[in-house]
Amino acid sequence: MNKPLSIKKNFIDAVRILLRGGRGGSGQPKYGGIGGPGGNVYIEAEINDKKLFDLRSLRELDHVTAGKGADSRQFYLLGARGKDIIIPTPPSTVCTTDAGIFLGEVLEKGDRVLVAKGGDGGSPTNNYIGQKGQQHHVNFTLKTASDIGLVGFPNAGKSTLLKAIARSRFKPRIAPHPFTTLSPMLGSLEYSDRRTISIVDLPGLIEEAHANRGLGHAFLRHVERTKLLLLMVDVHGFQLNHKSPRRNVLETLLLLNKELELYDPLLMYKPAMLLVNKMDTEGASKIYEKLVHDMSNIKDILPTLPEEMRPKELLQLKEVVAISAKKNEKSVEYVKDQVRELLDIHTDSICENTLSKYPANTQPDDDIEIFASKLEERNVKLI
């Protein structure tokens with residue numbers, strides 16, 4: 001029997017900190033002494049620490065300054081290096097400056113990236129004056145590497161689905177209005193054979209989310225590294241507010257498709273599963289039947305729709321499932337089983353495609369780096 005889903009709430013995925021490399025020590029012109037270089041500031045990936053589950057441990061850091069290099073002295077002509085500062089972060093943390101300059105990313109435990117260089121020590125080239133270290137505001141951004149990304153417009157029922165999966169262990173906010181999920185929620189579904197599948201529930205997107213409108217854009221980065229997209233739509237469609245047009249279920253799906261495509265076209269090539277929710281409501285069955293019919297004839301229907309609704313590429317939907325997250329437990333259990341099966345099929349397919357590139361008498365051990373890089377390119381982790 002599947003165990004409940006454990007969820008991490010109040011997820012912090014972005015922090016901005018002022019970083020300063022240490023100042024170089026003064027040189028000794030009388031004796032030709034060289035001042036010590038200032039210390040550097042690094043980030044380093046760590047795991048197995050609850051405090052590093054997200055970036056909350058960095059929120060209290062207003063600024064970080066590495067140590068100053070030691071001055072040159074008469075009997076210690078070479079000044080000692082300033083103390084380095086190492087900031088522990090979760091894997092998949094990206095660092096950029098306010099100007100958008102990419103400083104680096106840590107992917108696995110032990111990865112280390114220089115984010116603020118210390119200044120040079122005083123020497124003949126700088127008149128023996130210790131130089132200032134590098135200083136800039138750095139944006140720390142966490143891109144989670146979950147197995148599943150749960151995506152949908154507001155009020156589709158994503159929080160209800162997670163509550164159904166997690167039973168009493170998870171209490172997401174549920175209300176008949178949009179934006180009950182205000183930050184990404186992470187969880188892991190454990191199976192009886194100790195298999196674990198991670199899932200990230202993203203705040204509801206709205207139209208033009210790719211262009212930084214609404215809550216969703218800031219969190220779309222979390223779907224980049226998922227292996228499976230789990231899309232959820234309300235069978236009755238979606239309307240953000242009374243001023244917005246009401247979209248039927250097919251239009252909702254296509255708009256969701258387009259928002260993901262505009263954010264990152266590569267998302268169109270990820271395997272995806274569609275959940276059509278609220279099937280317990282009046283008229284849902286007829287709407288669902290029409291949706292299935294329209295999806296099977298989508299190439300004929302697309303040209304009849306407004307351009308703003310038409311994606312250039314369609315998502316790779318592997319399965320469409322009608323569910324009632326609120327009232328049909330069997331449909332929820334089916335989803336839990338199917339996401340595992342789809343993940344396994346996807347992983348097996350990637351492995352077969354990768355191994356087929358090797359000659360029959362060649363094993364991946366002969367060139368493990370190539371084998372690993374192929375898996376990494378496609379964002380696959382063997383379990």
# chains A, B, ... in the order shown; residues from 1 in each chain; ligands from 1

$ residues_around --residues "A:Ser296" --least-positions-apart "5" --cutoff "12 Å" --atoms "only C-alpha atoms" --output "list in words"
Leu250, Glu289, Lys290, Leu291, Ile301, Leu302, Leu317 and Val320 of chain A

$ write_last_selection --atoms "C-alpha atoms" --output "tab-separated table (two decimals), in the first residue's frame"
chain	number	residue	atom	x	y	z
A	250	LEU	CA	-9.96	22.40	-24.49
A	289	GLU	CA	-16.50	12.99	-24.17
A	290	LYS	CA	-16.37	16.09	-26.36
A	291	LEU	CA	-12.85	16.87	-25.10
A	301	ILE	CA	-9.61	22.22	-34.76
A	302	LEU	CA	-6.44	24.27	-34.18
A	317	LEU	CA	0.45	13.66	-23.64
A	320	VAL	CA	-5.64	11.53	-20.37

$ closest_residue --among "A:Ile199, A:Leu142, A:Leu260, A:Ala116" --to "A:Arg340" --atoms "only C-alpha atoms"
A:Ile199

$ select_by_dssp --residues "stretch 59-279 of chain A" --states "strand (DSSP E)" --output "PyMOL selection string"
chain A and resi 63-65+85-89+93-97+102-106+112-116+135-142+148-151+185-190+196-201+228-234+271-277

$ residues_around --residues "A:Leu305" --least-positions-apart "3" --cutoff "12 Å" --atoms "only C-alpha atoms" --output "list in words"
Arg247, Leu250, Glu251, Leu254, Leu255, Ile298, Lys299, Asp300, Ile301, Leu302, Glu308, Met309, Arg310 and Pro311 of chain A

$ write_last_selection --atoms "N, CA, C and O atoms" --output "mmCIF file, in the first residue's frame"
data_model
loop_
_atom_site.group_PDB
_atom_site.id
_atom_site.type_symbol
_atom_site.label_atom_id
_atom_site.label_comp_id
_atom_site.auth_asym_id
_atom_site.auth_seq_id
_atom_site.Cartn_x
_atom_site.Cartn_y
_atom_site.Cartn_z
ATOM 1 N N ARG A 247 -12.772 30.252 -20.500
ATOM 2 C CA ARG A 247 -12.203 29.290 -21.434
ATOM 3 C C ARG A 247 -12.805 27.918 -21.173
ATOM 4 O O ARG A 247 -12.911 27.494 -20.011
ATOM 5 N N LEU A 250 -10.960 22.542 -23.431
ATOM 6 C CA LEU A 250 -9.961 22.401 -24.491
ATOM 7 C C LEU A 250 -9.129 23.675 -24.609
ATOM 8 O O LEU A 250 -7.900 23.613 -24.742
ATOM 9 N N GLU A 251 -9.796 24.831 -24.558
ATOM 10 C CA GLU A 251 -9.060 26.098 -24.622
ATOM 11 C C GLU A 251 -8.107 26.229 -23.443
ATOM 12 O O GLU A 251 -6.991 26.729 -23.592
ATOM 13 N N LEU A 254 -5.055 24.082 -24.163
ATOM 14 C CA LEU A 254 -4.202 24.670 -25.192
ATOM 15 C C LEU A 254 -3.460 25.904 -24.684
ATOM 16 O O LEU A 254 -2.287 26.115 -25.010
ATOM 17 N N LEU A 255 -4.125 26.713 -23.877
ATOM 18 C CA LEU A 255 -3.457 27.881 -23.306
ATOM 19 C C LEU A 255 -2.357 27.469 -22.337
ATOM 20 O O LEU A 255 -1.291 28.082 -22.288
ATOM 21 N N ILE A 298 -7.505 17.254 -33.177
ATOM 22 C CA ILE A 298 -6.939 18.558 -32.825
ATOM 23 C C ILE A 298 -6.332 19.278 -34.026
ATOM 24 O O ILE A 298 -6.369 20.510 -34.110
ATOM 25 N N LYS A 299 -5.781 18.542 -34.983
ATOM 26 C CA LYS A 299 -5.158 19.187 -36.147
ATOM 27 C C LYS A 299 -6.193 19.930 -36.995
ATOM 28 O O LYS A 299 -5.865 20.921 -37.655
ATOM 29 N N ASP A 300 -7.415 19.451 -36.981
ATOM 30 C CA ASP A 300 -8.477 20.137 -37.725
ATOM 31 C C ASP A 300 -9.051 21.302 -36.929
ATOM 32 O O ASP A 300 -9.535 22.285 -37.516
ATOM 33 N N ILE A 301 -9.001 21.196 -35.615
ATOM 34 C CA ILE A 301 -9.610 22.221 -34.757
ATOM 35 C C ILE A 301 -8.689 23.415 -34.565
ATOM 36 O O ILE A 301 -9.144 24.554 -34.512
ATOM 37 N N LEU A 302 -7.384 23.177 -34.469
ATOM 38 C CA LEU A 302 -6.439 24.267 -34.176
ATOM 39 C C LEU A 302 -6.573 25.459 -35.129
ATOM 40 O O LEU A 302 -6.581 26.616 -34.671
ATOM 41 N N GLU A 308 -3.761 33.473 -30.505
ATOM 42 C CA GLU A 308 -3.198 33.500 -29.153
ATOM 43 C C GLU A 308 -3.422 32.201 -28.387
ATOM 44 O O GLU A 308 -2.844 31.980 -27.331
ATOM 45 N N MET A 309 -4.273 31.330 -28.915
ATOM 46 C CA MET A 309 -4.534 30.052 -28.261
ATOM 47 C C MET A 309 -3.760 28.905 -28.882
ATOM 48 O O MET A 309 -3.721 27.825 -28.310
ATOM 49 N N ARG A 310 -3.164 29.127 -30.044
ATOM 50 C CA ARG A 310 -2.576 28.018 -30.791
ATOM 51 C C ARG A 310 -1.094 27.861 -30.480
ATOM 52 O O ARG A 310 -0.285 28.714 -30.860
ATOM 53 N N PRO A 311 -0.712 26.775 -29.811
ATOM 54 C CA PRO A 311 0.718 26.516 -29.627
ATOM 55 C C PRO A 311 1.335 26.013 -30.921
ATOM 56 O O PRO A 311 0.651 25.426 -31.766
#

$ atom_distance --atom1 "atom CA of A:Leu202" --atom2 "atom CA of A:Lys258"
16.6 Å

$ closest_residue --among "A:Gln316, A:Tyr42, A:Val200, A:Thr93" --to "A:Glu108" --atoms "only C-alpha atoms"
A:Thr93

$ closest_residue --among "A:Leu162, A:Gln135, A:Gly122, A:Gly24" --to "A:Glu329" --atoms "only C-alpha atoms"
A:Leu162

$ closest_residue --among "A:Pro154, A:Pro29, A:Gly149, A:Pro303" --to "A:Asp234" --atoms "only C-alpha atoms"
A:Pro154

$ closest_residue --among "A:Asp54, A:Asp13, A:Asp71, A:Glu307" --to "A:Gly25" --atoms "only C-alpha atoms"
A:Asp71

$ atom_distance --atom1 "atom CA of A:Asp344" --atom2 "atom CA of A:Leu230"
14.9 Å

$ atom_distance --atom1 "atom CA of A:Ala14" --atom2 "atom CA of A:Ile101"
16.1 Å

$ select_by_dssp --residues "stretch 19-256 of chain A" --states "helix (DSSP H, G or I)" --output "ChimeraX atom specification"
/A:50-52,56-58,124-126,158-169,209-211,217-223,249-256

$ closest_residue --among "A:Glu341, A:Glu44, A:Glu224, A:Glu261" --to "A:Leu107" --atoms "only C-alpha atoms"
A:Glu44

$ residues_around --residues "A:Thr281" --least-positions-apart "3" --cutoff "12 Å" --atoms "only C-alpha atoms" --output "MDAnalysis selection string"
chainID A and resid 234:236 276:278 284:288 322:328
